[in-house]
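S.K.: Take a look at this one; I'll ask things after.
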Amino acid sequence: MRLHRFFIEELVDNKTEIKINSAELTNQIRRVFRLKTGDSVVVFDGSGFDYECRIGASSGDEVKSVKNLVTLDVVTTMKSRYMPTRDIYLCAAVVKKDTFEWIVEKATELGVTHIIPVMAERSEKKALNMGRLEKIAIEASEQSGRGNVPVVESIVGLKEVIERFSQLKCVKIAFHTDAEPFNPQDVHRDIPVAVFIGPEGGWSMDEIDLFHKNQVSVVCLGQQVLRAETAVIAALSEVVFHQ
C-alpha cells in the first residue's frame, strides 16, 4: 500500500522526531486522511530525501494550547524518487485561472524548478491566486515523488523576465507556431533553461521581435496550433526527457 506523502517546511536534519505544528497539515493527517497514532506516512523537506515515519501520540488531548501538534517518529530515510538536477524556468503567459492551475500542476510533475507567470500582450486574465498556485505545486510534488517544490513567482512583464535571464548563463527558448523546428539536442542537460510559452493566440509580433533582440531562440514544436497548456506539456517533455 502506498503511503501518504506530505511536504514539511523545516529541514529534518537527521532528527529522529519531527513535530508538525501546521494546523492545515495536522488537519490533513488527522481529519482528511483519518490517520491514527501508529500509522505510517512519508514526509519530505526539499532536501532530496524522504522520511518514512510513524505517527506518535498527539498531545492535543492533554494540552489544549498545542492541539494542532502531531509528532512523527522517523523510521527510515531514503532518497526521493526524483530530484531536478538543473534549473528549468517555465515562463508561461497568464491564461484563465483553471488552465494556469493545471499548468502549474503538470509543470511540477515534469520537474520545473521555477514557474514564472508572464503578462503577455494577449493575456486575457490579469491576476492569479498565488496562494492557490503554491498549494497546487506542493500537492503535485507530494503526488509525483519529487524531492522538492518548485518556486511559484509573482506575475511579471515579458521584458522584465527577459532582462533577468540576460544576466544568467541560461538557454532561452520561446515556442511559437511559425518558426524553425525545435531540436532538443540544442539544450545541454547541464545548463539551466528558460522555456517561454505564449497565451491563447500566441506571442504578438512585437514580442517575437523582443525575443530576437535578446537572443531568445524562437522555435516551434510542429505545424499544429496547440492550446497553451498543451504547448507547456509538449515543450517541457522535449526539454526534460530528450537529454
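Quick note on naming: the chains in the C-alpha cells go A, B, ... in the order shown, residues restart at 1 in each chain, and ligands are numbered from 1 in order of appearance.
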Just want the 9 Å neighbourhood of range 81-84 of chain A, counted on only C-alpha atoms, with same-chain residues fewer than 5 positions away dropped. Output as a list in words.

M.R.: Ser47, Gly48, Phe49, Asp50, Gly111, Val112, Thr113, Ser144, Gly145, Arg146, Gly147 and Asn148 of chain A

S.K.: Please report, as a count of residues only, each residue of range 98-136 of chain A to which DSSP assigns strand (DSSP E) when run on this structure's backbone.

M.R.: 6

S.K.: Leaving out Leu210 in chain A and any residue of its chain fewer than 3 positions from it, which residues lie within 12 Å of it when counting only C-alpha atoms, given as a list in words?

M.R.: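 My list of contacting residues is Ala120, Leu158, Lys159, Glu160, Val161, Ile162, Glu163, Ala174, Trp203, Ser204, Met205, Asp206, Glu207, Lys213, Asn214, Gln215, Val216, Ser217 and Val218 of chain A.
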
S.K.: Restricting it to N, CA and C atoms, dump the selection as a JSON list (two decimals), in the first residue's frame.

M.R.:
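Printed below is again_38.json as written:
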```json
[["chain", "number", "residue", "atom", "x", "y", "z"],
["A", 120, "ALA", "N", 1.47, 38.67, -20.95],
["A", 120, "ALA", "CA", 1.70, 38.86, -22.38],
["A", 120, "ALA", "C", 0.67, 39.82, -22.96],
["A", 158, "LEU", "N", 6.93, 40.57, -19.80],
["A", 158, "LEU", "CA", 7.85, 39.80, -20.64],
["A", 158, "LEU", "C", 9.22, 40.47, -20.70],
["A", 159, "LYS", "N", 9.26, 41.78, -20.89],
["A", 159, "LYS", "CA", 10.54, 42.47, -20.98],
["A", 159, "LYS", "C", 11.35, 42.30, -19.70],
["A", 160, "GLU", "N", 10.67, 42.38, -18.58],
["A", 160, "GLU", "CA", 11.35, 42.25, -17.28],
["A", 160, "GLU", "C", 11.98, 40.87, -17.12],
["A", 161, "VAL", "N", 11.25, 39.83, -17.46],
["A", 161, "VAL", "CA", 11.79, 38.49, -17.26],
["A", 161, "VAL", "C", 12.90, 38.19, -18.26],
["A", 162, "ILE", "N", 12.81, 38.71, -19.48],
["A", 162, "ILE", "CA", 13.88, 38.52, -20.44],
["A", 162, "ILE", "C", 15.16, 39.21, -19.95],
["A", 163, "GLU", "N", 15.04, 40.41, -19.41],
["A", 163, "GLU", "CA", 16.20, 41.12, -18.87],
["A", 163, "GLU", "C", 16.84, 40.34, -17.73],
["A", 174, "ALA", "N", 11.79, 30.32, -26.84],
["A", 174, "ALA", "CA", 10.38, 30.71, -26.93],
["A", 174, "ALA", "C", 9.71, 29.86, -27.99],
["A", 203, "TRP", "N", 2.27, 34.50, -29.17],
["A", 203, "TRP", "CA", 3.02, 35.74, -28.94],
["A", 203, "TRP", "C", 2.71, 36.73, -30.06],
["A", 204, "SER", "N", 2.69, 38.01, -29.73],
["A", 204, "SER", "CA", 2.50, 39.05, -30.75],
["A", 204, "SER", "C", 3.80, 39.24, -31.53],
["A", 205, "MET", "N", 3.72, 39.95, -32.65],
["A", 205, "MET", "CA", 4.92, 40.21, -33.44],
["A", 205, "MET", "C", 5.91, 41.07, -32.68],
["A", 206, "ASP", "N", 5.41, 42.00, -31.87],
["A", 206, "ASP", "CA", 6.31, 42.82, -31.05],
["A", 206, "ASP", "C", 7.05, 41.95, -30.04],
["A", 207, "GLU", "N", 6.37, 40.96, -29.49],
["A", 207, "GLU", "CA", 7.02, 40.06, -28.52],
["A", 207, "GLU", "C", 8.04, 39.16, -29.22],
["A", 213, "LYS", "N", 15.70, 40.22, -30.38],
["A", 213, "LYS", "CA", 16.65, 41.25, -29.95],
["A", 213, "LYS", "C", 17.43, 40.85, -28.71],
["A", 214, "ASN", "N", 16.90, 39.88, -27.96],
["A", 214, "ASN", "CA", 17.54, 39.47, -26.70],
["A", 214, "ASN", "C", 18.06, 38.03, -26.72],
["A", 215, "GLN", "N", 18.38, 37.56, -27.90],
["A", 215, "GLN", "CA", 18.99, 36.24, -28.08],
["A", 215, "GLN", "C", 18.17, 35.11, -27.45],
["A", 216, "VAL", "N", 16.85, 35.22, -27.59],
["A", 216, "VAL", "CA", 15.96, 34.13, -27.20],
["A", 216, "VAL", "C", 15.59, 33.38, -28.47],
["A", 217, "SER", "N", 15.93, 32.10, -28.54],
["A", 217, "SER", "CA", 15.62, 31.31, -29.73],
["A", 217, "SER", "C", 14.11, 31.14, -29.87],
["A", 218, "VAL", "N", 13.59, 31.38, -31.06],
["A", 218, "VAL", "CA", 12.15, 31.19, -31.33],
["A", 218, "VAL", "C", 12.00, 29.96, -32.20]]
```

S.K.: I'd like the interatomic distance between CA of Cys91 in chain A and CA of His188 in chain A, to a tenth of an Å.

M.R.: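 Going from CA of Cys91 in chain A over to CA of His188 in chain A, I get 18.7 Å.
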
S.K.: Show which residues sit within 10 Å of Val41 in chain A, as JSON, numbers by chain. Count only C-alpha atoms, and ignore same-chain residues fewer than 6 positions away.

M.R.: {"A": [2, 3, 4, 5, 6, 29, 35, 51, 52, 53, 54, 55, 72, 73, 74]}

S.K.: Suppose we keep C-alpha atoms; can you now write the selection as a PDB file, in the first residue's frame?

M.R.:
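Heads up, here's the output in result20.pdb:
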```
ATOM      1  CA  ARG A   2       1.377   3.396  -0.971  1.00  0.00           C
ATOM      2  CA  LEU A   3       1.837   5.711   1.999  1.00  0.00           C
ATOM      3  CA  HIS A   4       0.508   9.256   2.097  1.00  0.00           C
ATOM      4  CA  ARG A   5       3.301  11.753   1.398  1.00  0.00           C
ATOM      5  CA  PHE A   6       3.482  15.269   2.853  1.00  0.00           C
ATOM      6  CA  ILE A  29      -3.325  13.972   8.634  1.00  0.00           C
ATOM      7  CA  LEU A  35      -4.629   8.698  10.073  1.00  0.00           C
ATOM      8  CA  TYR A  51      11.445  10.184   5.623  1.00  0.00           C
ATOM      9  CA  GLU A  52       9.144   7.292   6.443  1.00  0.00           C
ATOM     10  CA  CYS A  53       7.620   7.992   9.822  1.00  0.00           C
ATOM     11  CA  ARG A  54       5.122   6.624  12.302  1.00  0.00           C
ATOM     12  CA  ILE A  55       2.580   8.958  13.808  1.00  0.00           C
ATOM     13  CA  LEU A  72       6.268  11.848  13.777  1.00  0.00           C
ATOM     14  CA  ASP A  73       8.900   9.269  14.687  1.00  0.00           C
ATOM     15  CA  VAL A  74      11.406   8.851  11.841  1.00  0.00           C
TER      16      VAL A  74
END
```

S.K.: Could you check the closest approach to Thr77 in chain A for each of A:Asp13, A:Val104, A:Thr26, A:Asp98 and tell me which residue wins, using only C-alpha atoms?

M.R.: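 Under the stated criterion, the closest residue is A:Asp13.
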
S.K.: Tell me which protein, DNA and RNA residues are within 12 Å of Asp178 in chain A, counting only C-alpha atoms, leaving out same-chain ones fewer than 5 positions away, and put them as a VMD selection string.

M.R.: chain A and resid 202 to 205 208 218 to 226

S.K.: Atoms to include: N, CA and C atoms. Write the selected residues as a short mmCIF file (atom, residue, chain, number, x, y, z; two decimals), in the first residue's frame.

M.R.:
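And here is the file that came out, result-v1.cif:
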```cif
data_model
loop_
_atom_site.label_atom_id
_atom_site.label_comp_id
_atom_site.auth_asym_id
_atom_site.auth_seq_id
_atom_site.Cartn_x
_atom_site.Cartn_y
_atom_site.Cartn_z
N GLY A 202 -1.11 33.05 -29.13
CA GLY A 202 0.33 33.11 -29.33
C GLY A 202 0.96 34.45 -28.99
N TRP A 203 2.27 34.50 -29.17
CA TRP A 203 3.02 35.74 -28.94
C TRP A 203 2.71 36.73 -30.06
N SER A 204 2.69 38.01 -29.73
CA SER A 204 2.50 39.05 -30.75
C SER A 204 3.80 39.24 -31.53
N MET A 205 3.72 39.95 -32.65
CA MET A 205 4.92 40.21 -33.44
C MET A 205 5.91 41.07 -32.68
N ILE A 208 7.71 38.71 -30.43
CA ILE A 208 8.68 37.92 -31.19
C ILE A 208 9.92 38.76 -31.48
N VAL A 218 13.59 31.38 -31.06
CA VAL A 218 12.15 31.19 -31.33
C VAL A 218 12.00 29.96 -32.20
N VAL A 219 11.30 28.94 -31.66
CA VAL A 219 11.19 27.66 -32.34
C VAL A 219 9.74 27.16 -32.26
N CYS A 220 9.46 26.10 -33.02
CA CYS A 220 8.11 25.52 -32.96
C CYS A 220 8.21 24.03 -32.67
N LEU A 221 7.12 23.47 -32.20
CA LEU A 221 7.04 22.04 -31.90
C LEU A 221 6.51 21.25 -33.09
N GLY A 222 5.84 21.91 -33.99
CA GLY A 222 5.24 21.25 -35.15
C GLY A 222 4.29 22.21 -35.84
N GLN A 223 3.57 21.71 -36.80
CA GLN A 223 2.67 22.55 -37.57
C GLN A 223 1.31 22.75 -36.91
N GLN A 224 1.02 21.91 -35.92
CA GLN A 224 -0.26 22.04 -35.23
C GLN A 224 -0.32 23.32 -34.42
N VAL A 225 -1.50 23.89 -34.29
CA VAL A 225 -1.73 25.02 -33.41
C VAL A 225 -2.18 24.45 -32.06
N LEU A 226 -1.33 24.58 -31.06
CA LEU A 226 -1.57 23.96 -29.76
C LEU A 226 -2.18 24.97 -28.78
#
```

S.K.: Pick out the residues sitting within 7 Å of Val95 in chain A, and hand them over as a list in words; count only C-alpha atoms, and ignore anything fewer than 5 positions along from it in its own chain.

M.R.: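 Contacts, with the query itself left out: Phe100, Ser123, Glu124, Lys125 and Pro199 of chain A.
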
S.K.: Rank nothing, just name the residue among A:Lys79, A:Gly198, A:Asn27, A:Ala234 nearest to Arg122 in chain A, using only C-alpha atoms.

M.R.: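 Result for the nearest residue to Arg122 in chain A: A:Gly198.
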
S.K.: Work out how far CA of Lys135 in chain A is from CA of Thr37 in chain A, in Å to one decimal.

M.R.: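 We find that CA of Thr37 in chain A and CA of Lys135 in chain A lie 26.0 Å from each other.
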
S.K.: For the helix (DSSP H, G or I) assignment from backbone DSSP, which residues of range 162-243 of chain A qualify? Please present them as an NGL selection string.

M.R.: :A and (162-166 or 184-186 or 205-213 or 228-241)

S.K.: Please produce an output containing C-alpha atoms for each residue in the selection, written as an mmCIF file, in the first residue's frame.

M.R.:
```cif
data_model
loop_
_atom_site.group_PDB
_atom_site.id
_atom_site.type_symbol
_atom_site.label_atom_id
_atom_site.label_comp_id
_atom_site.auth_asym_id
_atom_site.auth_seq_id
_atom_site.Cartn_x
_atom_site.Cartn_y
_atom_site.Cartn_z
ATOM 1 C CA ILE A 162 13.885 38.524 -20.443
ATOM 2 C CA GLU A 163 16.201 41.122 -18.870
ATOM 3 C CA ARG A 164 16.531 38.882 -15.829
ATOM 4 C CA PHE A 165 17.736 35.960 -17.916
ATOM 5 C CA SER A 166 20.208 38.123 -19.801
ATOM 6 C CA PRO A 184 16.140 19.056 -28.218
ATOM 7 C CA GLN A 185 19.869 18.469 -28.716
ATOM 8 C CA ASP A 186 20.364 22.241 -28.604
ATOM 9 C CA MET A 205 4.915 40.206 -33.444
ATOM 10 C CA ASP A 206 6.311 42.817 -31.045
ATOM 11 C CA GLU A 207 7.017 40.064 -28.519
ATOM 12 C CA ILE A 208 8.680 37.924 -31.192
ATOM 13 C CA ASP A 209 10.883 40.906 -32.082
ATOM 14 C CA LEU A 210 11.728 41.279 -28.385
ATOM 15 C CA PHE A 211 12.840 37.645 -28.250
ATOM 16 C CA HIS A 212 15.053 38.062 -31.311
ATOM 17 C CA LYS A 213 16.654 41.249 -29.955
ATOM 18 C CA ALA A 228 -1.305 26.971 -24.197
ATOM 19 C CA GLU A 229 -1.498 24.077 -21.737
ATOM 20 C CA THR A 230 -0.769 21.516 -24.458
ATOM 21 C CA ALA A 231 2.261 23.501 -25.574
ATOM 22 C CA VAL A 232 3.567 23.532 -21.997
ATOM 23 C CA ILE A 233 3.418 19.741 -21.746
ATOM 24 C CA ALA A 234 4.884 19.168 -25.204
ATOM 25 C CA ALA A 235 7.744 21.654 -24.779
ATOM 26 C CA LEU A 236 8.703 20.552 -21.280
ATOM 27 C CA SER A 237 8.616 16.895 -22.293
ATOM 28 C CA GLU A 238 11.121 17.634 -25.048
ATOM 29 C CA VAL A 239 13.387 19.536 -22.672
ATOM 30 C CA VAL A 240 13.168 17.127 -19.731
ATOM 31 C CA PHE A 241 13.183 13.689 -21.355
#
```

S.K.: Could you check which of A:Thr85, A:Ser154, A:Ser22, A:Thr177 is closest to Phe7 in chain A, using only C-alpha atoms?

M.R.: A:Ser22

S.K.: Do you know which residues are at most 8 Å from Arg189 in chain A counting only C-alpha atoms, after dropping those on the same chain fewer than 2 positions away, and could you put them as a PyMOL selection string?

M.R.: chain A and resi 86+187+191-192+243

S.K.: By how many Å are CA of Phe196 in chain A and CA of Lys97 in chain A apart?

M.R.: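 Computed distance, CA of Phe196 in chain A to CA of Lys97 in chain A, equals 18.4 Å.
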